[in-house]
Amino acid sequence: MNSLAEEFREDRTEKMTDTEFMAVCQIDDLLDNLGQCALVKGKQIALFKVSDSEKIYAIDNHDPFSDANVLSRGVVGDLQGKLVVASPIYKQHFDLETGQCLEDENVVLDTYATRVVAGVVEISC
Amino acid sequence: MVGHRFLEAIQDRNLTEQYEVVTFCEEPRPAYDRVHLSEYFADSDADALSLVKENFFADSGITCHIGDQVVAIDRDRKVVISKKGLELSYDRLVLATGSYPFVPPIPGNDRPNSFVYRTIEDLEAIQAAGNDAQVGVVVGGGLLGLEAANALKQMGVETHVVEFAPRLMALQIDEWGGLLLKNKIEELGVKVHTSRATTEIIDGENCKHRLCFSDGEFLETDIVLYSAGIRPRDELARDCGLEIGQRGGIVIDNHCRTSDDDIFAIGECALWNNQIFGLVAPGYQMAEVVADFLQADDTQFRGADMSTKLKLLGVDVASIGDAHGNTEGAKSYSFIDERSGIYKKIVVSENGKKLLGSVLIGDAEDYGTLLQYKLNDIDLPEHPDDLILPQRDGKASTGLGVDALPASAQICSCNNVSKGQLVDAIEGGVHTLGELKSCTSAGTSCGGCAVLVGQILNSELEKLGVEVSSDICEHFPFTRQDLYMLVRTEKIMSFSELIQRHGTGRGCDICKPAVASILASCWNEYILKQGHAPLQDTNDHFLANMQKDGTYSVVPRVPGGEITPDKLIVLGDVAKRYGLYTKITGGQRVDLFGARVDQLPLVWKDLIDAGFESGHAYAKALRTVKSCVGSTWCRYGVQDSVGMAIELENRYRGLRSPHKIKMAVSGCTRECAEAQSKDVGVIATEKGWNLYVCGNGGMKPRHADLFASDLDDETLIKYIDRFFMFYIRTADRLQRTSTWMDNLEGGLEYLQDIIINDRLGLCDELEEEMKLVINSFQCEWKSTIDDPEKMKRFRHFINSDDKDSNVVFVNERGQIRPARTEEKSVKTVEEKELLAS
């Protein structure tokens, strides 16, 4: 499972190297363990910064179980070592690295590459 | 009661298909629980005492003639004749005529305002007489006499107990026990006169009657209540020539058969082995024996254990087996603590190996263990006195391990449930105390065995290898209660501090909100303070209730449901201004739905300017205190229920707890505020307030338990302070007070002991903790609106002012509602077309 997830991510990252990064906010606009939602090319993307890490995680803001755009407002934590966000509606957990839903293996959210350039958060989408 | 148990027993065995069953019930209502008769004084609710399940007679096909009785039996023709003239033939006849109270043949015993204590009608008559009475006397200091004294005391009359014997409860307890019980009861304000023989009753000078005693002394009273023992009602059997004992009682054999093979007798009217059984459990056993006999099973009645444990006037009293040490060679151990009013005695066999009997006064906690030693003939430990001596220095008490009990051990004697039956249920998948009680009925009558049932459950679960992990989640090897105590005792102020010291990892959506709630219960800091904010569920975080489409609903506080016209208009104005859907809630407030996250601060700014504050509908906290209009307007009201509800709501607003808390206050016994379905319910009485706790509506309704009666305002609030803080301290995560109570070892009595009698010495602490929360209250919305940094969070996109396009409303009944998926796509098409044109 882990290696699959790794492959999946590498695959995505490769694909995205070509695409353009877009600035969405200042790094200071993101508070530790509190999500925010960005609108990038008409897509809603949930952004997370977790404590003790510089990396910005980006996954779909759309919760497929409730059909509501709410994942940026979920509680962030870790389960079995995986960073997750819990949907605020029906409480499913989504892996921030891979977008995999922990309760339903058929559900995988899109994840997006991010970087921070001179204090500005950029997303490739 | 025994008669009805018999009907249930034959229905359980499907005998109603084989027999046409007809029953006569002399009283105007079917069977009810006489054991808890005195509760009728507290709430005057005859239905609550009923033992008959809804539709029992319809479902079972049993005909019940209520208000009629059999007056003659014609054994030759096998016919019974009723008072109303009905004649019915029978194949088999069961007599469950019970007993009547014995009234001693004292001249003057038929004067007005003389009563017995047996039926609901008796109680109603006593209650009516109590209205203009100052003094009441109970003649007879046995078990029932003391129950009756309790009833008189609850009516507020000066209460006396007159006993012929030199001590109270002479049958069940010994001299020391009787003395101690007398002292305890007198401390409670009931005067006890032992060794008094009443010779006659005449007109009194200050009261209606004067009881004259054989020693020349006298006692004046307005009410005389006789409780001098019971006599079997055997006249029907006597008249038709059945064999009757010398001192009364219908003689029965081991199958409960009388001298006529087709007639049975069960309960207090029956005489087995020259013994009458005046308790309900043996009567129930007889009912089962007859039902078995009718389906040709050969179970037999072989006597019954007469051990009892009860609370008389608030004093624990228990008696087991040979309490007086009458067995040859019996030796006893006793422990007396006069200061705390505790007396414990055990009677052991000559060789010290077996327990023969016991008396416990003032502290009957050891009853369950001792009874098991007696019933199962278990060998006593080397030092039997360890069983009753107080355990100090934190040593665990020398209880009997439940594993030592055989499967046949009867755990619940009221409902005849054995350890084996409990073990079967647990192995069959019942893994919580509440479920176990409801599926086996164990511990549901007197509750005396609840602790034991809990111990068996835990022990069996362990054996089954069911991991009884009560850890809150993978991040903390602790229960919620442990975490609460860690936070309190180590003065931990933040989640990061707690997880660093006692946990691992980053936390999750289980432990973070739970710890946030614990921190709020303990220290009550602003919940969006840095460090606390990421712990909160979205509802707490955005101070509103997220709905299915990601929008929020807003509920301002309306204390007690009282609201001015101006404020009502503001609610309407605000709803109109932001296009919100409005609905009246069950808690007497107005819920405004459909606010987008960016609208929340605007809505709240307007509401706060108009004098509203946060209603905490989004929090696991006190929600509302519902009220009826009370004595201010209602012609039936006896107290100002609205005023009390407002006071309570303002006192406990914002109190974070393991789950939401709902309250209500009713202005009279009609209970229009439905307080008995709330976590805390308050009902006005003529003298003050009755306090009910641990009720629930919702998925699993539970009637609240009457916790204390006729409280003044100050005591009421004191008890609620303690109750809430004790609940917050000891409940599981997301456990409502109702399930908390169902799983609380020792149940209601234990809780009363802690909160009213301060048994654990916690009350001052609990009150201090509550004081801190009350004094640090803040309106979370006001604090949020005043903080520009916090306000930044209230927008859907961090990089755009656009709205969430997935939030679409349609109109229904003149208001908005969220569009369904198919409606959204139609709408999008319409919009596109609109744009195109």
# chains A, B, ... in the order shown; residues from 1 in each chain; ligands from 1

$ closest_atom_pairs --of "chain B" --to "chain A" --cutoff "8 Å" --atoms "only C-alpha atoms" --output "tab-separated table"
residue	atom	partner	partner_atom	distance
B:Glu474	CA	A:Leu79	CA	7.7
B:Gly505	CA	A:Asp78	CA	6.9
B:Arg506	CA	A:Gly77	CA	5.5
B:Gly507	CA	A:Gly77	CA	5.2
B:Cys508	CA	A:Gly77	CA	4.3
B:Asp509	CA	A:Val75	CA	5.5
B:Pro534	CA	A:Leu34	CA	5.6
B:Leu535	CA	A:Val75	CA	6.9
B:Gln536	CA	A:Val75	CA	7.2
B:Asp537	CA	A:Val75	CA	6.3
B:Thr538	CA	A:Arg73	CA	5.9
B:Met546	CA	A:Ile89	CA	7.7
B:Gln547	CA	A:Ile89	CA	7.9
B:Lys548	CA	A:Ser66	CA	6.7
B:Asp549	CA	A:Ala68	CA	5.1
B:Gly550	CA	A:Ala68	CA	5.7
B:His796	CA	A:Cys37	CA	6.5
B:Phe797	CA	A:Cys37	CA	5.0
B:Ile798	CA	A:Ala38	CA	5.4
B:Asn799	CA	A:Val24	CA	5.7
B:Ser800	CA	A:Leu39	CA	6.7
B:Asp804	CA	A:Asn69	CA	7.5
B:Asn806	CA	A:Ala68	CA	7.1

$ write_last_selection --atoms "C-alpha atoms" --output "PDB file, in the first residue's frame"
ATOM      1  CA  GLU B 474      -3.967   6.038  19.810  1.00  0.00           C
ATOM      2  CA  GLY B 505       2.089  11.903  17.934  1.00  0.00           C
ATOM      3  CA  ARG B 506       0.098  14.922  16.852  1.00  0.00           C
ATOM      4  CA  GLY B 507      -3.379  14.062  18.087  1.00  0.00           C
ATOM      5  CA  CYS B 508      -6.527  13.510  16.033  1.00  0.00           C
ATOM      6  CA  ASP B 509     -10.157  14.493  15.624  1.00  0.00           C
ATOM      7  CA  PRO B 534      -6.831  24.010  15.966  1.00  0.00           C
ATOM      8  CA  LEU B 535      -8.293  21.604  18.516  1.00  0.00           C
ATOM      9  CA  GLN B 536     -11.860  22.626  17.914  1.00  0.00           C
ATOM     10  CA  ASP B 537     -14.362  20.856  15.724  1.00  0.00           C
ATOM     11  CA  THR B 538     -15.620  23.046  12.920  1.00  0.00           C
ATOM     12  CA  MET B 546     -22.272  23.296  10.123  1.00  0.00           C
ATOM     13  CA  GLN B 547     -25.103  21.904   8.020  1.00  0.00           C
ATOM     14  CA  LYS B 548     -24.960  19.320   5.254  1.00  0.00           C
ATOM     15  CA  ASP B 549     -24.033  21.806   2.502  1.00  0.00           C
ATOM     16  CA  GLY B 550     -21.214  23.426   4.471  1.00  0.00           C
ATOM     17  CA  HIS B 796     -14.336  30.770   2.167  1.00  0.00           C
ATOM     18  CA  PHE B 797     -11.221  31.423   0.073  1.00  0.00           C
ATOM     19  CA  ILE B 798      -7.889  32.710   1.282  1.00  0.00           C
ATOM     20  CA  ASN B 799      -7.157  34.240  -2.123  1.00  0.00           C
ATOM     21  CA  SER B 800     -10.552  35.362  -3.393  1.00  0.00           C
ATOM     22  CA  ASP B 804     -18.622  28.740  -2.711  1.00  0.00           C
ATOM     23  CA  ASN B 806     -21.621  24.653  -4.590  1.00  0.00           C
TER      24      ASN B 806
END

$ atom_distance --atom1 "atom CA of Asp174 of chain B" --atom2 "atom CA of Asp316 of chain B"
15.0 Å

$ select_by_dssp --residues "segment 540-622 of chain B" --states "strand (DSSP E or B)" --output "MDAnalysis selection string"
chainID B and resid 545:546 552:554 556 581:584 590:595 614 621:622

$ closest_residue --among "B:Asn109, B:Asn650, B:Ser738, B:Asn743" --to "Asn775 of chain B" --atoms "only C-alpha atoms"
B:Asn650

$ select_by_dssp --residues "segment 598-761 of chain B" --states "alpha helix (DSSP H)" --output "PyMOL selection string"
chain B and resi 600-609+641-652+713-730+737-742+747-755

$ closest_residue --among "A:Ala118, A:Leu96, A:Cys125, A:Val107" --to "Ile27 of chain A" --atoms "only C-alpha atoms"
A:Ala118

$ residues_around --residues "Arg29 of chain B" --least-positions-apart "6" --cutoff "9 Å" --atoms "only C-alpha atoms" --output "list in words"
Ser50, Ile66 and Gly67 of chain B

$ write_last_selection --atoms "N, CA and C atoms" --output "short mmCIF file (atom, residue, chain, number, x, y, z; two decimals), in the first residue's frame"
data_model
loop_
_atom_site.label_atom_id
_atom_site.label_comp_id
_atom_site.auth_asym_id
_atom_site.auth_seq_id
_atom_site.Cartn_x
_atom_site.Cartn_y
_atom_site.Cartn_z
N SER B 50 -46.74 1.27 37.86
CA SER B 50 -47.39 0.13 37.23
C SER B 50 -46.39 -0.95 36.84
N ILE B 66 -60.99 -5.78 36.24
CA ILE B 66 -60.47 -4.80 37.19
C ILE B 66 -61.61 -4.29 38.06
N GLY B 67 -61.32 -4.12 39.34
CA GLY B 67 -62.34 -3.61 40.27
C GLY B 67 -63.39 -4.67 40.64
#

$ residues_around --residues "Lys55 of chain A" --least-positions-apart "6" --cutoff "10 Å" --atoms "only C-alpha atoms" --output "list in words"
Phe48, Lys49, Thr114, Arg115 and Val116 of chain A

$ closest_residue --among "A:Tyr112, A:Lys43, A:Phe94, A:Asp52" --to "Ser124 of chain A" --atoms "only C-alpha atoms"
A:Tyr112

$ residues_around --residues "segment 3-11 of chain B" --least-positions-apart "2" --cutoff "10 Å" --atoms "only C-alpha atoms" --output "JSON, numbers by chain"
{"B": [1, 13, 14, 15, 16, 17, 18, 19, 21, 22, 23, 24, 25, 30, 31, 32, 51, 52, 53, 56, 57, 59, 60, 61, 62, 94, 95, 96, 97, 98, 265, 266, 267, 283, 284, 285, 286, 287, 288, 289, 290, 291, 292, 294, 295]}

$ atom_distance --atom1 "atom CA of Ala673 of chain B" --atom2 "atom CA of Gln752 of chain B"
24.1 Å

$ atom_distance --atom1 "atom CA of Ile336 of chain B" --atom2 "atom CA of Leu360 of chain B"
10.1 Å

$ residues_around --residues "segment 303-308 of chain B" --least-positions-apart "3" --cutoff "7 Å" --atoms "only C-alpha atoms" --output "list in words"
Pro282, Ala318, Ser319, Ile320 and Gly321 of chain B

$ write_last_selection --atoms "N, CA and C atoms" --output "short mmCIF file (atom, residue, chain, number, x, y, z; two decimals), in the first residue's frame"
data_model
loop_
_atom_site.label_atom_id
_atom_site.label_comp_id
_atom_site.auth_asym_id
_atom_site.auth_seq_id
_atom_site.Cartn_x
_atom_site.Cartn_y
_atom_site.Cartn_z
N PRO B 282 -39.50 -14.31 47.03
CA PRO B 282 -40.02 -15.68 47.16
C PRO B 282 -41.38 -15.83 46.47
N ALA B 318 -29.37 -3.67 56.16
CA ALA B 318 -29.38 -4.96 55.48
C ALA B 318 -29.35 -6.06 56.50
N SER B 319 -29.99 -7.15 56.16
CA SER B 319 -30.00 -8.30 57.04
C SER B 319 -29.88 -9.54 56.18
N ILE B 320 -29.02 -10.47 56.59
CA ILE B 320 -28.80 -11.69 55.83
C ILE B 320 -28.97 -12.88 56.77
N GLY B 321 -29.69 -13.86 56.31
CA GLY B 321 -29.77 -15.16 56.97
C GLY B 321 -30.02 -15.10 58.47
#

$ residues_around --residues "Ala72 of chain B" --least-positions-apart "5" --cutoff "10 Å" --atoms "only C-alpha atoms" --output "list in words"
Val79, Val80, Ile81, Ser82, Lys83, Glu87, Glu235, Leu236, Ala237, Asp239 and Cys240 of chain B

$ write_last_selection --atoms "N, CA and C atoms" --output "PDB file, in the first residue's frame"
ATOM      1  N   VAL B  79     -66.236 -23.763  40.196  1.00  0.00           N
ATOM      2  CA  VAL B  79     -66.738 -22.476  39.739  1.00  0.00           C
ATOM      3  C   VAL B  79     -66.317 -21.405  40.750  1.00  0.00           C
ATOM      4  N   VAL B  80     -65.993 -20.206  40.256  1.00  0.00           N
ATOM      5  CA  VAL B  80     -65.804 -19.078  41.170  1.00  0.00           C
ATOM      6  C   VAL B  80     -66.913 -18.056  40.935  1.00  0.00           C
ATOM      7  N   ILE B  81     -67.282 -17.354  42.007  1.00  0.00           N
ATOM      8  CA  ILE B  81     -68.337 -16.348  41.908  1.00  0.00           C
ATOM      9  C   ILE B  81     -67.733 -15.012  42.325  1.00  0.00           C
ATOM     10  N   SER B  82     -68.004 -13.979  41.491  1.00  0.00           N
ATOM     11  CA  SER B  82     -67.389 -12.683  41.789  1.00  0.00           C
ATOM     12  C   SER B  82     -68.375 -11.771  42.487  1.00  0.00           C
ATOM     13  N   LYS B  83     -67.815 -10.700  43.030  1.00  0.00           N
ATOM     14  CA  LYS B  83     -68.606  -9.720  43.762  1.00  0.00           C
ATOM     15  C   LYS B  83     -69.686  -9.123  42.866  1.00  0.00           C
ATOM     16  N   GLU B  87     -70.069 -15.611  37.229  1.00  0.00           N
ATOM     17  CA  GLU B  87     -69.768 -16.991  37.587  1.00  0.00           C
ATOM     18  C   GLU B  87     -68.897 -17.593  36.515  1.00  0.00           C
ATOM     19  N   GLU B 235     -59.299 -16.003  53.569  1.00  0.00           N
ATOM     20  CA  GLU B 235     -60.716 -16.245  53.858  1.00  0.00           C
ATOM     21  C   GLU B 235     -61.413 -17.043  52.753  1.00  0.00           C
ATOM     22  N   LEU B 236     -61.036 -16.767  51.479  1.00  0.00           N
ATOM     23  CA  LEU B 236     -61.654 -17.508  50.364  1.00  0.00           C
ATOM     24  C   LEU B 236     -61.364 -18.995  50.511  1.00  0.00           C
ATOM     25  N   ALA B 237     -60.084 -19.295  50.792  1.00  0.00           N
ATOM     26  CA  ALA B 237     -59.647 -20.689  50.927  1.00  0.00           C
ATOM     27  C   ALA B 237     -60.302 -21.331  52.141  1.00  0.00           C
ATOM     28  N   ASP B 239     -63.150 -20.486  53.502  1.00  0.00           N
ATOM     29  CA  ASP B 239     -64.587 -20.696  53.294  1.00  0.00           C
ATOM     30  C   ASP B 239     -64.887 -21.942  52.453  1.00  0.00           C
ATOM     31  N   CYS B 240     -63.968 -22.281  51.555  1.00  0.00           N
ATOM     32  CA  CYS B 240     -64.275 -23.427  50.703  1.00  0.00           C
ATOM     33  C   CYS B 240     -63.593 -24.694  51.218  1.00  0.00           C
TER      34      CYS B 240
END

$ decode --residues "segment 395-435 of chain B" --atoms "C-alpha atoms" --output "short mmCIF file (atom, residue, chain, number, x, y, z; two decimals), in the first residue's frame"
data_model
loop_
_atom_site.label_atom_id
_atom_site.label_comp_id
_atom_site.auth_asym_id
_atom_site.auth_seq_id
_atom_site.Cartn_x
_atom_site.Cartn_y
_atom_site.Cartn_z
CA LYS B 395 -5.80 -1.16 50.74
CA ALA B 396 -8.36 -2.73 48.52
CA SER B 397 -11.30 -4.16 50.42
CA THR B 398 -11.44 -7.88 50.92
CA GLY B 399 -14.28 -8.33 48.49
CA LEU B 400 -15.10 -11.68 47.05
CA GLY B 401 -13.75 -12.03 43.56
CA VAL B 402 -16.63 -12.61 41.15
CA ASP B 403 -14.65 -15.45 39.60
CA ALA B 404 -15.12 -17.41 42.83
CA LEU B 405 -18.86 -17.55 42.27
CA PRO B 406 -20.37 -20.67 40.68
CA ALA B 407 -22.46 -20.25 37.52
CA SER B 408 -25.56 -21.06 39.53
CA ALA B 409 -24.95 -18.15 41.92
CA GLN B 410 -28.00 -15.95 42.00
CA ILE B 411 -26.82 -12.43 41.34
CA CYS B 412 -30.11 -10.56 41.06
CA SER B 413 -32.61 -11.99 43.48
CA CYS B 414 -35.42 -9.63 42.47
CA ASN B 415 -35.45 -10.96 38.92
CA ASN B 416 -33.80 -14.29 39.59
CA VAL B 417 -30.80 -13.87 37.32
CA SER B 418 -27.85 -16.19 37.85
CA LYS B 419 -24.21 -15.56 37.11
CA GLY B 420 -24.48 -18.18 34.37
CA GLN B 421 -27.21 -16.22 32.58
CA LEU B 422 -25.13 -13.06 32.71
CA VAL B 423 -22.07 -14.89 31.39
CA ASP B 424 -24.14 -16.34 28.53
CA ALA B 425 -25.39 -12.89 27.58
CA ILE B 426 -21.86 -11.47 27.66
CA GLU B 427 -20.52 -14.34 25.55
CA GLY B 428 -23.43 -13.71 23.19
CA GLY B 429 -22.12 -10.24 22.48
CA VAL B 430 -23.54 -7.95 25.15
CA HIS B 431 -20.59 -5.82 26.16
CA THR B 432 -21.91 -2.83 28.06
CA LEU B 433 -23.45 -2.60 31.50
CA GLY B 434 -26.52 -0.78 30.25
CA GLU B 435 -27.24 -3.43 27.59
#
